[in-house]
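Structure file my_file14.pdb; described as PDB, C-alpha atoms, pLDDT in the B column.
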ATOM      1  CA  MET A   1       0.000   0.000   0.000  1.00 59.00           C
ATOM      2  CA  ARG A   2       2.822   2.343   0.923  1.00 60.00           C
ATOM      3  CA  ALA A   3       4.538   1.592  -2.378  1.00 58.00           C
ATOM      4  CA  ASN A   4       1.369   2.412  -4.308  1.00 63.00           C
ATOM      5  CA  ASN A   5       0.965   5.683  -2.397  1.00 62.00           C
ATOM      6  CA  ASN A   6       4.561   6.638  -3.153  1.00 62.00           C
ATOM      7  CA  ASN A   7       4.092   5.794  -6.843  1.00 68.00           C
ATOM      8  CA  VAL A   8       0.945   7.927  -7.025  1.00 68.00           C
ATOM      9  CA  ARG A   9       2.689  10.749  -5.185  1.00 71.00           C
ATOM     10  CA  GLY A  10       5.652  10.549  -7.560  1.00 71.00           C
ATOM     11  CA  SER A  11       3.398  10.548 -10.634  1.00 83.00           C
ATOM     12  CA  THR A  12       1.489  13.543  -9.289  1.00 87.00           C
ATOM     13  CA  ARG A  13       4.729  15.434  -8.691  1.00 86.00           C
ATOM     14  CA  LYS A  14       5.898  14.617 -12.203  1.00 88.00           C
ATOM     15  CA  MET A  15       2.650  15.723 -13.873  1.00 91.00           C
ATOM     16  CA  THR A  16       2.628  18.914 -11.819  1.00 90.00           C
ATOM     17  CA  ALA A  17       6.235  19.677 -12.739  1.00 90.00           C
ATOM     18  CA  LEU A  18       5.557  19.094 -16.452  1.00 92.00           C
ATOM     19  CA  ALA A  19       2.437  21.291 -16.340  1.00 93.00           C
ATOM     20  CA  LEU A  20       4.438  24.066 -14.697  1.00 92.00           C
ATOM     21  CA  THR A  21       7.145  23.646 -17.323  1.00 93.00           C
ATOM     22  CA  VAL A  22       4.606  24.066 -20.139  1.00 93.00           C
ATOM     23  CA  SER A  23       3.213  27.159 -18.393  1.00 93.00           C
ATOM     24  CA  PHE A  24       6.745  28.510 -18.049  1.00 93.00           C
ATOM     25  CA  ALA A  25       7.331  27.953 -21.774  1.00 92.00           C
ATOM     26  CA  LEU A  26       4.106  29.795 -22.645  1.00 92.00           C
ATOM     27  CA  ILE A  27       5.079  32.743 -20.459  1.00 92.00           C
ATOM     28  CA  LEU A  28       8.494  32.929 -22.119  1.00 91.00           C
ATOM     29  CA  SER A  29       6.866  32.750 -25.558  1.00 87.00           C
ATOM     30  CA  PHE A  30       4.498  35.576 -24.646  1.00 88.00           C
ATOM     31  CA  VAL A  31       7.343  37.714 -23.333  1.00 88.00           C
ATOM     32  CA  GLU A  32       9.337  37.115 -26.504  1.00 84.00           C
ATOM     33  CA  SER A  33       6.313  37.941 -28.684  1.00 79.00           C
ATOM     34  CA  ARG A  34       6.215  41.392 -27.065  1.00 80.00           C
ATOM     35  CA  ILE A  35       9.868  42.121 -27.840  1.00 77.00           C
ATOM     36  CA  PRO A  36      10.191  44.191 -31.052  1.00 69.00           C
ATOM     37  CA  ALA A  37      12.288  42.675 -33.839  1.00 64.00           C
ATOM     38  CA  PHE A  38      15.747  44.226 -33.756  1.00 59.00           C
ATOM     39  CA  VAL A  39      16.623  43.197 -37.327  1.00 59.00           C
ATOM     40  CA  ALA A  40      14.579  43.040 -40.520  1.00 56.00           C
ATOM     41  CA  ILE A  41      15.323  39.352 -41.159  1.00 62.00           C
ATOM     42  CA  PRO A  42      12.432  36.874 -40.762  1.00 61.00           C
ATOM     43  CA  GLY A  43      12.900  34.072 -38.269  1.00 61.00           C
ATOM     44  CA  ILE A  44      15.478  35.710 -36.026  1.00 72.00           C
ATOM     45  CA  LYS A  45      14.491  35.393 -32.376  1.00 78.00           C
ATOM     46  CA  VAL A  46      15.993  34.233 -29.103  1.00 82.00           C
ATOM     47  CA  GLY A  47      13.731  31.224 -28.604  1.00 86.00           C
ATOM     48  CA  LEU A  48      13.326  31.666 -24.850  1.00 91.00           C
ATOM     49  CA  ALA A  49      10.744  28.879 -24.655  1.00 90.00           C
ATOM     50  CA  ASN A  50      13.489  26.394 -25.514  1.00 93.00           C
ATOM     51  CA  ILE A  51      14.765  26.889 -21.962  1.00 95.00           C
ATOM     52  CA  ALA A  52      11.771  24.870 -20.788  1.00 95.00           C
ATOM     53  CA  VAL A  53      12.355  22.161 -23.395  1.00 95.00           C
ATOM     54  CA  ILE A  54      16.050  21.733 -22.554  1.00 96.00           C
ATOM     55  CA  PHE A  55      15.242  21.729 -18.837  1.00 96.00           C
ATOM     56  CA  THR A  56      12.698  18.946 -19.391  1.00 96.00           C
ATOM     57  CA  LEU A  57      15.104  16.970 -21.586  1.00 96.00           C
ATOM     58  CA  TYR A  58      17.758  16.920 -18.860  1.00 96.00           C
ATOM     59  CA  LYS A  59      15.469  16.499 -15.864  1.00 94.00           C
ATOM     60  CA  PHE A  60      13.013  13.958 -17.294  1.00 94.00           C
ATOM     61  CA  GLY A  61      13.956  12.599 -20.723  1.00 95.00           C
ATOM     62  CA  ILE A  62      13.155  12.681 -24.416  1.00 96.00           C
ATOM     63  CA  LYS A  63       9.511  11.586 -24.144  1.00 95.00           C
ATOM     64  CA  GLU A  64       8.624  14.289 -21.670  1.00 95.00           C
ATOM     65  CA  ALA A  65      10.638  16.906 -23.566  1.00 96.00           C
ATOM     66  CA  ALA A  66       8.847  15.975 -26.801  1.00 96.00           C
ATOM     67  CA  ALA A  67       5.479  16.279 -25.051  1.00 95.00           C
ATOM     68  CA  VAL A  68       6.334  19.685 -23.586  1.00 95.00           C
ATOM     69  CA  SER A  69       7.676  20.869 -26.940  1.00 94.00           C
ATOM     70  CA  ALA A  70       4.580  19.660 -28.825  1.00 94.00           C
ATOM     71  CA  VAL A  71       2.128  21.254 -26.403  1.00 93.00           C
ATOM     72  CA  ARG A  72       4.139  24.457 -26.377  1.00 91.00           C
ATOM     73  CA  VAL A  73       4.272  24.673 -30.176  1.00 91.00           C
ATOM     74  CA  LEU A  74       0.542  24.028 -30.547  1.00 92.00           C
ATOM     75  CA  LEU A  75      -0.541  26.494 -27.868  1.00 90.00           C
ATOM     76  CA  VAL A  76       1.879  29.222 -28.951  1.00 86.00           C
ATOM     77  CA  SER A  77       0.757  28.923 -32.576  1.00 85.00           C
ATOM     78  CA  MET A  78      -2.894  29.116 -31.500  1.00 85.00           C
ATOM     79  CA  LEU A  79      -2.352  32.082 -29.171  1.00 82.00           C
ATOM     80  CA  PHE A  80       0.351  34.117 -30.876  1.00 77.00           C
ATOM     81  CA  GLY A  81       0.817  32.650 -34.363  1.00 76.00           C
ATOM     82  CA  SER A  82      -0.919  31.167 -37.381  1.00 79.00           C
ATOM     83  CA  PRO A  83      -1.251  27.814 -39.197  1.00 84.00           C
ATOM     84  CA  VAL A  84       1.787  28.689 -41.300  1.00 84.00           C
ATOM     85  CA  SER A  85       3.882  29.495 -38.244  1.00 82.00           C
ATOM     86  CA  LEU A  86       2.746  26.171 -36.769  1.00 88.00           C
ATOM     87  CA  ILE A  87       4.313  24.278 -39.682  1.00 89.00           C
ATOM     88  CA  TYR A  88       7.560  26.213 -39.355  1.00 87.00           C
ATOM     89  CA  SER A  89       7.640  25.711 -35.597  1.00 89.00           C
ATOM     90  CA  ILE A  90       6.935  21.972 -35.744  1.00 93.00           C
ATOM     91  CA  THR A  91       9.667  21.401 -38.330  1.00 93.00           C
ATOM     92  CA  GLY A  92      12.216  23.374 -36.355  1.00 92.00           C
ATOM     93  CA  ALA A  93      11.208  21.873 -33.026  1.00 93.00           C
ATOM     94  CA  VAL A  94      11.395  18.254 -34.215  1.00 95.00           C
ATOM     95  CA  LEU A  95      14.807  18.686 -35.818  1.00 95.00           C
ATOM     96  CA  SER A  96      16.155  20.704 -32.894  1.00 96.00           C
ATOM     97  CA  LEU A  97      14.984  18.303 -30.184  1.00 96.00           C
ATOM     98  CA  SER A  98      16.237  15.270 -32.122  1.00 97.00           C
ATOM     99  CA  VAL A  99      19.727  16.739 -32.437  1.00 97.00           C
ATOM    100  CA  MET A 100      19.845  17.868 -28.800  1.00 97.00           C
ATOM    101  CA  PHE A 101      18.737  14.436 -27.589  1.00 97.00           C
ATOM    102  CA  LEU A 102      21.408  12.649 -29.629  1.00 97.00           C
ATOM    103  CA  LEU A 103      24.139  15.039 -28.479  1.00 97.00           C
ATOM    104  CA  LYS A 104      23.079  14.717 -24.846  1.00 96.00           C
ATOM    105  CA  LYS A 105      22.962  10.922 -25.049  1.00 95.00           C
ATOM    106  CA  LEU A 106      26.069  10.257 -27.131  1.00 95.00           C
ATOM    107  CA  THR A 107      28.475  13.048 -26.182  1.00 94.00           C
ATOM    108  CA  PRO A 108      29.772  14.741 -23.013  1.00 94.00           C
ATOM    109  CA  LEU A 109      28.922  18.189 -24.368  1.00 95.00           C
ATOM    110  CA  SER A 110      27.648  20.861 -22.001  1.00 95.00           C
ATOM    111  CA  GLU A 111      24.120  22.229 -21.918  1.00 95.00           C
ATOM    112  CA  VAL A 112      25.312  25.379 -23.675  1.00 96.00           C
ATOM    113  CA  THR A 113      26.824  23.464 -26.607  1.00 96.00           C
ATOM    114  CA  VAL A 114      23.752  21.252 -26.890  1.00 97.00           C
ATOM    115  CA  SER A 115      21.564  24.358 -26.832  1.00 97.00           C
ATOM    116  CA  VAL A 116      23.613  26.022 -29.583  1.00 97.00           C
ATOM    117  CA  ALA A 117      23.225  22.922 -31.752  1.00 96.00           C
ATOM    118  CA  GLY A 118      19.499  22.985 -31.061  1.00 95.00           C
ATOM    119  CA  GLY A 119      19.178  26.658 -31.938  1.00 94.00           C
ATOM    120  CA  VAL A 120      21.100  26.270 -35.193  1.00 94.00           C
ATOM    121  CA  THR A 121      19.227  23.168 -36.327  1.00 95.00           C
ATOM    122  CA  HIS A 122      15.905  24.771 -35.400  1.00 93.00           C
ATOM    123  CA  ASN A 123      16.631  27.596 -37.843  1.00 91.00           C
ATOM    124  CA  ILE A 124      17.802  25.120 -40.487  1.00 92.00           C
ATOM    125  CA  GLY A 125      14.525  23.234 -40.124  1.00 91.00           C
ATOM    126  CA  GLN A 126      12.507  26.406 -40.516  1.00 89.00           C
ATOM    127  CA  ILE A 127      14.446  27.433 -43.602  1.00 90.00           C
ATOM    128  CA  GLY A 128      13.854  24.000 -45.107  1.00 90.00           C
ATOM    129  CA  ALA A 129      10.126  24.213 -44.379  1.00 89.00           C
ATOM    130  CA  ALA A 130       9.917  27.707 -45.854  1.00 87.00           C
ATOM    131  CA  SER A 131      11.762  26.629 -48.979  1.00 88.00           C
ATOM    132  CA  VAL A 132       9.341  23.743 -49.533  1.00 89.00           C
ATOM    133  CA  MET A 133       6.201  25.745 -48.783  1.00 86.00           C
ATOM    134  CA  LEU A 134       7.200  28.745 -50.881  1.00 85.00           C
ATOM    135  CA  GLY A 135       8.619  26.627 -53.683  1.00 86.00           C
ATOM    136  CA  THR A 136      11.796  28.673 -53.899  1.00 85.00           C
ATOM    137  CA  ASN A 137      15.366  28.526 -52.682  1.00 84.00           C
ATOM    138  CA  VAL A 138      15.608  32.287 -52.196  1.00 85.00           C
ATOM    139  CA  VAL A 139      15.043  31.900 -48.459  1.00 83.00           C
ATOM    140  CA  VAL A 140      18.305  29.952 -48.236  1.00 85.00           C
ATOM    141  CA  TYR A 141      20.125  33.283 -48.500  1.00 85.00           C
ATOM    142  CA  TYR A 142      18.840  34.045 -45.003  1.00 84.00           C
ATOM    143  CA  LEU A 143      20.567  30.946 -43.647  1.00 86.00           C
ATOM    144  CA  PRO A 144      23.960  32.508 -42.707  1.00 88.00           C
ATOM    145  CA  PHE A 145      22.195  35.185 -40.643  1.00 88.00           C
ATOM    146  CA  LEU A 146      19.940  32.606 -39.021  1.00 87.00           C
ATOM    147  CA  LEU A 147      22.900  30.360 -38.200  1.00 90.00           C
ATOM    148  CA  LEU A 148      24.623  33.289 -36.494  1.00 91.00           C
ATOM    149  CA  SER A 149      21.502  34.263 -34.587  1.00 89.00           C
ATOM    150  CA  GLY A 150      20.866  30.626 -33.666  1.00 90.00           C
ATOM    151  CA  THR A 151      24.361  30.368 -32.214  1.00 94.00           C
ATOM    152  CA  ILE A 152      24.012  33.526 -30.139  1.00 93.00           C
ATOM    153  CA  ALA A 153      20.525  32.596 -28.975  1.00 92.00           C
ATOM    154  CA  GLY A 154      21.705  29.070 -28.197  1.00 94.00           C
ATOM    155  CA  VAL A 155      24.392  30.392 -25.884  1.00 96.00           C
ATOM    156  CA  VAL A 156      21.890  32.566 -23.996  1.00 95.00           C
ATOM    157  CA  VAL A 157      19.305  29.793 -23.754  1.00 95.00           C
ATOM    158  CA  GLY A 158      21.961  27.220 -22.835  1.00 96.00           C
ATOM    159  CA  ILE A 159      23.335  29.305 -19.959  1.00 97.00           C
ATOM    160  CA  ALA A 160      19.833  29.892 -18.589  1.00 96.00           C
ATOM    161  CA  SER A 161      18.926  26.225 -18.997  1.00 96.00           C
ATOM    162  CA  GLY A 162      22.107  25.073 -17.304  1.00 95.00           C
ATOM    163  CA  LEU A 163      21.427  27.281 -14.295  1.00 96.00           C
ATOM    164  CA  LEU A 164      17.890  25.948 -13.963  1.00 94.00           C
ATOM    165  CA  ILE A 165      19.016  22.333 -14.327  1.00 94.00           C
ATOM    166  CA  LYS A 166      21.570  22.773 -11.548  1.00 93.00           C
ATOM    167  CA  LYS A 167      19.486  24.901  -9.196  1.00 91.00           C
ATOM    168  CA  VAL A 168      15.984  23.437  -9.480  1.00 89.00           C
ATOM    169  CA  ASP A 169      15.378  20.253  -7.506  1.00 83.00           C
ATOM    170  CA  LEU A 170      12.063  18.676  -8.477  1.00 76.00           C
ATOM    171  CA  GLY A 171      12.207  16.205  -5.608  1.00 70.00           C
ATOM    172  CA  ILE A 172      10.805  13.389  -7.729  1.00 63.00           C
ATOM    173  CA  GLY A 173      13.617  10.986  -6.953  1.00 48.00           C
ATOM    174  CA  SER A 174      13.659  11.732  -3.216  1.00 37.00           C
ATOM    175  CA  SER A 175      10.437   9.836  -2.542  1.00 36.00           C
ATOM    176  CA  LYS A 176      11.897   6.717  -4.195  1.00 37.00           C
ATOM    177  CA  ARG A 177      15.026   6.936  -2.073  1.00 38.00           C
ATOM    178  CA  SER A 178      13.050   7.465   1.111  1.00 34.00           C
ATOM    179  CA  HIS A 179      10.816   4.553   0.154  1.00 36.00           C
ATOM    180  CA  LYS A 180      13.837   2.306  -0.106  1.00 39.00           C
ATOM    181  CA  ARG A 181      15.079   3.470   3.305  1.00 41.00           C
ATOM    182  CA  GLU A 182      11.681   2.791   4.832  1.00 40.00           C
ATOM    183  CA  ASN A 183      11.531  -0.695   3.382  1.00 47.00           C
ATOM    184  CA  THR A 184      14.970  -1.747   4.535  1.00 44.00           C
ATOM    185  CA  PRO A 185      14.131  -2.306   8.261  1.00 46.00           C
ATOM    186  CA  THR A 186      11.030  -4.309   7.327  1.00 45.00           C
ATOM    187  CA  GLU A 187      12.969  -6.439   4.897  1.00 48.00           C
ATOM    188  CA  ASN A 188      15.640  -7.053   7.542  1.00 50.00           C
ATOM    189  CA  THR A 189      12.997  -8.106  10.081  1.00 48.00           C
ATOM    190  CA  GLU A 190      11.399 -10.500   7.594  1.00 49.00           C
ATOM    191  CA  ARG A 191      14.796 -11.928   6.745  1.00 50.00           C
ATOM    192  CA  ARG A 192      15.584 -12.537  10.441  1.00 49.00           C
ATOM    193  CA  ASP A 193      12.203 -14.252  10.930  1.00 51.00           C
ATOM    194  CA  ASP A 194      12.864 -16.524   7.965  1.00 52.00           C
ATOM    195  CA  GLU A 195      16.283 -17.419   9.294  1.00 50.00           C
ATOM    196  CA  GLY A 196      14.817 -18.116  12.756  1.00 51.00           C
TER     197      GLY A 196
END
Whole structure given in structure tokens:
Amino acid sequence: MRANNNNVRGSTRKMTALALTVSFALILSFVESRIPAFVAIPGIKVGLANIAVIFTLYKFGIKEAAAVSAVRVLLVSMLFGSPVSLIYSITGAVLSLSVMFLLKKLTPLSEVTVSVAGGVTHNIGQIGAASVMLGTNVVVYYLPFLLLSGTIAGVVVGIASGLLIKKVDLGIGSSKRSHKRENTPTENTERRDDEG
């Protein structure tokens, strides 16, 4: 019974943390939508909401990060964007998250480097989607500027993500550890009874 209660408590904590992460991503997206464009090049932005995605990737895993990213993209496109922006965002988000997951899993790279790779590949994905949808390769000329902006934004997002990953303790694993400590005396008692 105690194990079931701890499992339910852990699942509740996890769902609450993921819901808060999605809310955090929406707030960051809203804040960024209110910031005026500082250059006249389409697609250049910081991508503050990716802080929430990278945080989820490191704290939970790829499945949870994909869920947070998908919900964030859908809600942001509904609230602040359009169907066209949804296509761009999905393409960039899928490519970006895939690359970040592989780098995190297969390399010892830092959060900042992983974030830079995610920012760059996100812009590459959006350029590819735009080229297909518009039926022209003209948009490829924007790519050098977007790669530069993706690198700069990736550094900013990576630093912020790294700080959150290190400082925020979700406490999800603590209940499992405490559960093991609670079970140990009982198991020892049962073992002594069996031996007796």
message = I'd like the neighbourhood of A:Ala93 as a PyMOL selection string, where a residue qualifies if any of its atoms comes within 9 Å (using all atoms listed in the file), though same-chain residues fewer than 4 positions away should be ignored.
response = chain A and resi 66+69-70+73+88-89+97-98+118+121-122+125-126
ask   = In Å, how far is it from atom CA of A:Ser11 to atom CA of A:Ser23?
value =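 Going from atom CA of A:Ser11 over to atom CA of A:Ser23 covers 18.3 Å.
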request  = Go through the shown structure with the PyMOL selection byres ((chain A and resi 111) around 9) and write out the matching residues as a list of chain:residue names.
outcome  =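 This file gives the following for the PyMOL selection byres ((chain A and resi 111) around 9): A:Ile54, A:Tyr58, A:Lys104, A:Leu109, A:Ser110, A:Val112, A:Thr113, A:Val114, A:Ser115, A:Val116, A:Gly158, A:Ile159, A:Ser161, A:Gly162.
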remark   = A:Lys166 proximity check over A:Lys59, A:Ser77, A:Ser85, A:Lys14, using only C-alpha atoms: winner is A:Lys59
Can you turn the PyMOL selection byres ((chain A and resi 47) around 9) into a concrete residue list for this file, as a CSV table (one decimal) with C-alpha atoms, in the coordinates of the input?
chain,number,residue,atom,x,y,z
A,28,LEU,CA,8.5,32.9,-22.1
A,29,SER,CA,6.9,32.8,-25.6
A,32,GLU,CA,9.3,37.1,-26.5
A,44,ILE,CA,15.5,35.7,-36.0
A,45,LYS,CA,14.5,35.4,-32.4
A,46,VAL,CA,16.0,34.2,-29.1
A,48,LEU,CA,13.3,31.7,-24.8
A,49,ALA,CA,10.7,28.9,-24.7
A,50,ASN,CA,13.5,26.4,-25.5
A,51,ILE,CA,14.8,26.9,-22.0
A,119,GLY,CA,19.2,26.7,-31.9
A,150,GLY,CA,20.9,30.6,-33.7
A,153,ALA,CA,20.5,32.6,-29.0
A,154,GLY,CA,21.7,29.1,-28.2
A,157,VAL,CA,19.3,29.8,-23.8
ask   = If you measure from atom CA of A:Ile165 to atom CA of A:Thr56, what distance in Å do you get, rounded to one decimal?
value =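 Taking atom CA of A:Ile165 and atom CA of A:Thr56, their separation equals 8.8 Å.
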message = What's the separation between atom CA of A:Leu170 and atom CA of A:Val156, in Å to one decimal place?
response = 23.0 Å
note = Restricting to only C-alpha atoms, whichever of A:Lys63, A:Ser131, A:Val120, A:Ala160 is closest to A:Leu146 is A:Val120
request  = Could you tell me which of A:Leu106, A:Val140, A:Met100, A:Ile87 comes closest to A:Ile62 if we count only C-alpha atoms?
outcome  =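 Using only C-alpha atoms, A:Ile62 sits closest to A:Met100.
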task = Run the PyMOL selection byres ((chain A and resi 22) around 8) against the file shown and list the residues it catches, as a list in words.
result =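 Against this file, the PyMOL selection byres ((chain A and resi 22) around 8) returns the residues Leu18, Ala19, Leu20, Thr21, Ser23, Phe24, Ala25, Leu26, Ala52, Val68, Val71 and Arg72 of chain A.
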